[in-house]
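Structure file entry08.pdb; described as PDB, C-alpha atoms, pLDDT in the B column.
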ATOM      1  CA  MET A 907     124.029 100.955  54.502  1.00 44.00           C
ATOM      2  CA  GLU A 908     126.487 101.441  57.360  1.00 47.00           C
ATOM      3  CA  ASP A 909     125.887 104.191  59.916  1.00 51.00           C
ATOM      4  CA  ARG A 910     129.102 106.251  59.989  1.00 51.00           C
ATOM      5  CA  ARG A 911     127.976 108.785  62.572  1.00 53.00           C
ATOM      6  CA  LYS A 912     130.086 109.179  65.668  1.00 56.00           C
ATOM      7  CA  PRO A 913     128.579 107.206  68.566  1.00 59.00           C
ATOM      8  CA  PRO A 914     127.015 109.362  71.280  1.00 67.00           C
ATOM      9  CA  ALA A 915     129.008 110.110  74.405  1.00 70.00           C
ATOM     10  CA  LYS A 916     128.366 107.799  77.348  1.00 74.00           C
ATOM     11  CA  THR A 917     125.633 109.242  79.540  1.00 73.00           C
ATOM     12  CA  GLY A 918     125.509 106.763  82.396  1.00 81.00           C
ATOM     13  CA  ARG A 919     121.799 106.353  81.680  1.00 92.00           C
ATOM     14  CA  THR A 920     120.625 102.774  82.229  1.00 97.00           C
ATOM     15  CA  PHE A 921     117.394 101.422  80.750  1.00 98.00           C
ATOM     16  CA  LEU A 922     115.978  98.568  82.843  1.00 98.00           C
ATOM     17  CA  VAL A 923     113.867  95.872  81.168  1.00 98.00           C
ATOM     18  CA  VAL A 924     112.048  93.145  83.081  1.00 97.00           C
ATOM     19  CA  VAL A 925     112.561  89.851  81.265  1.00 96.00           C
ATOM     20  CA  ASP A 926     109.438  87.740  81.487  1.00 93.00           C
ATOM     21  CA  ASP A 927     107.765  85.156  79.298  1.00 90.00           C
ATOM     22  CA  SER A 928     105.351  87.556  77.590  1.00 90.00           C
ATOM     23  CA  ASP A 929     105.341  88.165  73.841  1.00 89.00           C
ATOM     24  CA  GLU A 930     105.361  91.935  74.349  1.00 93.00           C
ATOM     25  CA  MET A 931     108.640  91.914  76.280  1.00 95.00           C
ATOM     26  CA  ARG A 932     110.363  91.885  72.875  1.00 95.00           C
ATOM     27  CA  ALA A 933     109.055  95.405  72.193  1.00 96.00           C
ATOM     28  CA  ALA A 934     110.341  96.747  75.516  1.00 97.00           C
ATOM     29  CA  LEU A 935     113.733  95.135  74.959  1.00 97.00           C
ATOM     30  CA  ARG A 936     114.157  96.540  71.443  1.00 97.00           C
ATOM     31  CA  TYR A 937     113.021  99.996  72.552  1.00 98.00           C
ATOM     32  CA  ALA A 938     115.477 100.028  75.469  1.00 98.00           C
ATOM     33  CA  CYS A 939     118.351  98.777  73.299  1.00 97.00           C
ATOM     34  CA  ARG A 940     117.750 101.375  70.612  1.00 97.00           C
ATOM     35  CA  ARG A 941     117.381 104.210  73.123  1.00 96.00           C
ATOM     36  CA  ALA A 942     120.560 103.117  74.900  1.00 96.00           C
ATOM     37  CA  ARG A 943     122.499 102.936  71.638  1.00 95.00           C
ATOM     38  CA  ASN A 944     121.247 106.308  70.421  1.00 94.00           C
ATOM     39  CA  SER A 945     121.782 108.120  73.730  1.00 94.00           C
ATOM     40  CA  GLY A 946     125.062 106.633  74.939  1.00 94.00           C
ATOM     41  CA  GLY A 947     123.372 104.603  77.660  1.00 96.00           C
ATOM     42  CA  ARG A 948     123.194 100.939  78.457  1.00 96.00           C
ATOM     43  CA  VAL A 949     120.621  98.267  79.223  1.00 98.00           C
ATOM     44  CA  ALA A 950     120.007  96.254  82.387  1.00 98.00           C
ATOM     45  CA  LEU A 951     117.935  93.073  82.423  1.00 98.00           C
ATOM     46  CA  LEU A 952     115.999  91.767  85.415  1.00 98.00           C
ATOM     47  CA  ARG A 953     114.517  88.287  85.695  1.00 98.00           C
ATOM     48  CA  VAL A 954     112.437  87.607  88.797  1.00 97.00           C
ATOM     49  CA  ILE A 955     111.898  84.048  89.952  1.00 95.00           C
ATOM     50  CA  GLU A 956     108.705  83.612  91.892  1.00 86.00           C
ATOM     51  CA  PRO A 957     108.893  81.143  94.778  1.00 81.00           C
ATOM     52  CA  PRO A 958     107.260  77.772  94.130  1.00 71.00           C
ATOM     53  CA  GLU A 959     103.691  77.648  95.389  1.00 67.00           C
ATOM     54  CA  PHE A 960     104.017  74.142  96.762  1.00 59.00           C
ATOM     55  CA  GLN A 961     106.816  73.759  99.301  1.00 58.00           C
ATOM     56  CA  HIS A 962     105.603  70.765 101.294  1.00 62.00           C
ATOM     57  CA  PHE A 963     108.997  69.116 100.994  1.00 65.00           C
ATOM     58  CA  ALA A 964     111.911  71.535 101.537  1.00 67.00           C
ATOM     59  CA  ALA A 965     114.400  69.534  99.466  1.00 68.00           C
ATOM     60  CA  ILE A 966     112.087  69.523  96.455  1.00 69.00           C
ATOM     61  CA  GLY A 967     111.410  73.239  96.865  1.00 69.00           C
ATOM     62  CA  ASN A 968     115.164  73.961  97.036  1.00 77.00           C
ATOM     63  CA  LEU A 969     115.788  71.899  93.915  1.00 80.00           C
ATOM     64  CA  MET A 970     112.991  73.699  92.074  1.00 81.00           C
ATOM     65  CA  GLN A 971     114.468  77.089  93.063  1.00 83.00           C
ATOM     66  CA  ALA A 972     117.964  76.056  91.944  1.00 86.00           C
ATOM     67  CA  GLU A 973     116.622  74.862  88.585  1.00 91.00           C
ATOM     68  CA  ALA A 974     114.607  78.072  88.159  1.00 90.00           C
ATOM     69  CA  ARG A 975     117.674  80.184  88.919  1.00 92.00           C
ATOM     70  CA  GLU A 976     119.787  78.223  86.442  1.00 95.00           C
ATOM     71  CA  ALA A 977     117.114  78.646  83.759  1.00 94.00           C
ATOM     72  CA  ALA A 978     116.858  82.383  84.528  1.00 95.00           C
ATOM     73  CA  GLU A 979     120.610  82.845  84.222  1.00 96.00           C
ATOM     74  CA  ALA A 980     120.686  80.947  80.909  1.00 95.00           C
ATOM     75  CA  LEU A 981     117.811  83.060  79.567  1.00 96.00           C
ATOM     76  CA  LEU A 982     119.548  86.290  80.577  1.00 97.00           C
ATOM     77  CA  GLN A 983     122.756  85.163  78.868  1.00 96.00           C
ATOM     78  CA  ARG A 984     120.825  84.572  75.625  1.00 95.00           C
ATOM     79  CA  MET A 985     119.111  87.949  75.965  1.00 96.00           C
ATOM     80  CA  ALA A 986     122.478  89.606  76.652  1.00 97.00           C
ATOM     81  CA  GLU A 987     123.649  88.535  73.191  1.00 96.00           C
ATOM     82  CA  THR A 988     120.595  90.204  71.654  1.00 95.00           C
ATOM     83  CA  VAL A 989     121.187  93.358  73.689  1.00 97.00           C
ATOM     84  CA  ASN A 990     124.852  93.481  72.723  1.00 97.00           C
ATOM     85  CA  GLY A 991     123.986  93.088  69.050  1.00 95.00           C
ATOM     86  CA  THR A 992     121.342  95.811  69.119  1.00 94.00           C
ATOM     87  CA  SER A 993     122.791  98.331  71.581  1.00 94.00           C
ATOM     88  CA  GLY A 994     126.500  97.687  71.156  1.00 92.00           C
ATOM     89  CA  GLU A 995     127.024  97.102  74.903  1.00 93.00           C
ATOM     90  CA  MET A 996     126.727  94.098  77.164  1.00 96.00           C
ATOM     91  CA  PRO A 997     123.871  94.617  79.639  1.00 97.00           C
ATOM     92  CA  MET A 998     123.912  94.400  83.395  1.00 97.00           C
ATOM     93  CA  LEU A 999     122.124  91.217  84.495  1.00 98.00           C
ATOM     94  CA  TYR A1000     120.064  90.714  87.639  1.00 98.00           C
ATOM     95  CA  VAL A1001     118.239  87.642  88.944  1.00 97.00           C
ATOM     96  CA  ARG A1002     115.989  88.137  91.956  1.00 97.00           C
ATOM     97  CA  GLU A1003     113.616  85.869  93.849  1.00 94.00           C
ATOM     98  CA  GLY A1004     110.230  86.930  95.189  1.00 94.00           C
ATOM     99  CA  ASP A1005     107.322  89.097  94.124  1.00 93.00           C
ATOM    100  CA  PRO A1006     108.140  90.700  90.741  1.00 93.00           C
ATOM    101  CA  CYS A1007     106.875  94.182  91.632  1.00 93.00           C
ATOM    102  CA  ASP A1008     108.612  94.258  95.011  1.00 94.00           C
ATOM    103  CA  GLN A1009     111.884  92.922  93.582  1.00 96.00           C
ATOM    104  CA  LEU A1010     111.790  95.425  90.732  1.00 96.00           C
ATOM    105  CA  LEU A1011     111.279  98.366  93.071  1.00 96.00           C
ATOM    106  CA  GLU A1012     114.007  97.118  95.446  1.00 97.00           C
ATOM    107  CA  LEU A1013     116.497  96.815  92.588  1.00 97.00           C
ATOM    108  CA  ILE A1014     115.710 100.339  91.382  1.00 97.00           C
ATOM    109  CA  ASP A1015     116.237 101.661  94.911  1.00 96.00           C
ATOM    110  CA  GLU A1016     119.529  99.754  95.314  1.00 96.00           C
ATOM    111  CA  GLU A1017     121.053 100.658  91.936  1.00 96.00           C
ATOM    112  CA  PRO A1018     121.418 104.419  91.427  1.00 94.00           C
ATOM    113  CA  SER A1019     122.641 103.917  87.836  1.00 94.00           C
ATOM    114  CA  ILE A1020     119.205 102.660  86.746  1.00 97.00           C
ATOM    115  CA  SER A1021     117.494 105.730  85.386  1.00 96.00           C
ATOM    116  CA  ILE A1022     114.570 104.581  83.207  1.00 97.00           C
ATOM    117  CA  LEU A1023     112.259 101.560  83.470  1.00 97.00           C
ATOM    118  CA  VAL A1024     110.970 100.234  80.138  1.00 97.00           C
ATOM    119  CA  LEU A1025     107.951  97.917  80.113  1.00 96.00           C
ATOM    120  CA  ALA A1026     105.694  96.798  77.306  1.00 95.00           C
ATOM    121  CA  ALA A1027     101.927  96.778  77.594  1.00 93.00           C
ATOM    122  CA  GLY A1028     100.175  93.499  76.922  1.00 89.00           C
ATOM    123  CA  THR A1029      98.118  93.234  73.776  1.00 86.00           C
ATOM    124  CA  GLY A1030      95.566  90.689  74.954  1.00 82.00           C
ATOM    125  CA  PRO A1031      92.170  91.114  76.594  1.00 83.00           C
ATOM    126  CA  GLU A1032      93.765  90.740  80.058  1.00 82.00           C
ATOM    127  CA  GLY A1033      95.020  94.307  79.864  1.00 78.00           C
ATOM    128  CA  PRO A1034      98.478  95.856  79.960  1.00 84.00           C
ATOM    129  CA  GLY A1035      99.980  93.311  82.367  1.00 87.00           C
ATOM    130  CA  PRO A1036     100.390  93.115  86.130  1.00 86.00           C
ATOM    131  CA  LEU A1037     103.607  95.157  86.362  1.00 89.00           C
ATOM    132  CA  CYS A1038     102.258  97.965  84.174  1.00 88.00           C
ATOM    133  CA  GLN A1039      99.055  98.040  86.203  1.00 86.00           C
ATOM    134  CA  ALA A1040     100.856  98.031  89.548  1.00 87.00           C
ATOM    135  CA  LEU A1041     103.446 100.642  88.611  1.00 87.00           C
ATOM    136  CA  ALA A1042     100.975 102.965  86.924  1.00 81.00           C
ATOM    137  CA  GLY A1043      98.556 102.494  89.826  1.00 80.00           C
ATOM    138  CA  ARG A1044      99.057 101.606  93.473  1.00 79.00           C
ATOM    139  CA  SER A1045     102.879 101.464  93.387  1.00 80.00           C
ATOM    140  CA  VAL A1046     103.549 104.608  91.359  1.00 82.00           C
ATOM    141  CA  ASP A1047     104.566 106.545  94.486  1.00 86.00           C
ATOM    142  CA  ARG A1048     107.355 103.983  95.136  1.00 88.00           C
ATOM    143  CA  LEU A1049     108.945 104.514  91.723  1.00 91.00           C
ATOM    144  CA  ARG A1050     111.867 106.997  91.771  1.00 92.00           C
ATOM    145  CA  ILE A1051     112.578 106.918  88.015  1.00 95.00           C
ATOM    146  CA  PRO A1052     110.559 107.536  84.841  1.00 94.00           C
ATOM    147  CA  LEU A1053     108.491 104.666  83.496  1.00 94.00           C
ATOM    148  CA  THR A1054     108.228 104.181  79.723  1.00 95.00           C
ATOM    149  CA  ILE A1055     105.429 101.889  78.598  1.00 94.00           C
ATOM    150  CA  VAL A1056     105.872 100.676  75.032  1.00 96.00           C
ATOM    151  CA  PRO A1057     102.839  99.295  73.180  1.00 95.00           C
ATOM    152  CA  GLY A1058     103.508  95.577  72.907  1.00 94.00           C
ATOM    153  CA  SER A1059     102.133  95.450  69.373  1.00 94.00           C
ATOM    154  CA  LEU A1060     104.752  97.789  67.883  1.00 95.00           C
ATOM    155  CA  THR A1061     106.812  96.312  65.055  1.00 95.00           C
ATOM    156  CA  ASP A1062     110.584  96.538  64.990  1.00 95.00           C
ATOM    157  CA  ALA A1063     110.322  99.126  62.223  1.00 96.00           C
ATOM    158  CA  ALA A1064     107.945 101.269  64.306  1.00 96.00           C
ATOM    159  CA  ILE A1065     110.236 101.049  67.335  1.00 97.00           C
ATOM    160  CA  ASP A1066     113.244 101.960  65.205  1.00 95.00           C
ATOM    161  CA  ALA A1067     111.398 105.001  63.854  1.00 95.00           C
ATOM    162  CA  LEU A1068     110.546 106.130  67.395  1.00 93.00           C
ATOM    163  CA  THR A1069     114.029 105.733  68.765  1.00 91.00           C
TER
END
Let me see the file written as structure tokens.
Amino acid sequence: MEDRRKPPAKTGRTFLVVVDDSDEMRAALRYACRRARNSGGRVALLRVIEPPEFQHFAAIGNLMQAEAREAAEALLQRMAETVNGTSGEMPMLYVREGDPCDQLLELIDEEPSISILVLAAGTGPEGPGPLCQALAGRSVDRLRIPLTIVPGSLTDAAIDALT
């Protein structure tokens, strides 16, 4: 059945999702896309490349960084198609290098349009994940926007019902 309701007015609200390799990231992405679509906002995606641990040879380290950046950009392009299909808008894409928590907080400080951070909590025995732990704990005072933590085990149907 087609939804014939008038789309919501654009709000300028941007939902930021950190794209990582976790299974639960899917829940955060769907939640952000649905909220953006239903509130007239848009989605931004951030992929952080951590520096290689072994940099004994500079040329090899540079090559590894270039390959990691290329892979990050390709991943974000694939995710952008998903975001566009779910939210109806192409997302803003960001690739940063460094510590994920620091890079996330710097991006939020630099981009005034980012208004909500959406993360998903891990479902394994390790706990909710390092970003959730850091941002709900020691780094919470550095966060200038609301943080939404989505349970990583939510199904698409449950997320759709919430949004």
Residues selected by the PyMOL selection byres ((chain A and resi 928) around 10), written as a ChimeraX atom specification
/A:925-927,929-932,1026-1029,1035,1058
Near-Ile1022 in chain A list (8 Å; all atoms listed in the file; drop same-chain fewer than 2 positions) as number ranges by chain
A: 919-922, 1020, 1024, 1051-1054
Answer key for the PyMOL selection byres ((chain A and resi 938) around 10), residues as a ChimeraX atom specification
/A:920-923,932-937,939-944,947-950,989,992-993,1022-1025,1054,1056,1065,1069
Written as a ChimeraX atom specification, what is the full residue list that the PyMOL selection byres ((chain A and resi 1040) around 12) yields on the file shown?
/A:1005-1008,1010-1011,1025,1033-1039,1041-1049,1053
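Straight-line separation from CA of Ser1021 in chain A to CA of Leu981 in chain A: 23.4 Å.
Between CA of Glu976 in chain A and CA of Met998 in chain A the interatomic distance comes to 17.0 Å.
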Measuring atom to atom with all atoms listed in the file, identify which of A:Ile1055, A:Leu999, A:Ala1063, A:Ala915 is nearest to Ser945 in chain A.
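Closest residue, counting all atoms listed in the file: A:Ala915.
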For Tyr1000 in chain A, which of A:Glu956, A:Pro1057, A:Glu979, A:Asp1066 is the closest residue, counting all atoms listed in the file?
A:Glu979
Restricting the calculation to only C-alpha atoms: of A:Arg1050, A:Arg953, A:Ser1059, A:Glu1003, which residue gets closest to Asp1015 in chain A?
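Ranked by minimum distance to Asp1015 in chain A, first place goes to A:Arg1050.
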Any idea what the distance is between CA of Ile1014 in chain A and CA of Ala974 in chain A?
22.5 Å
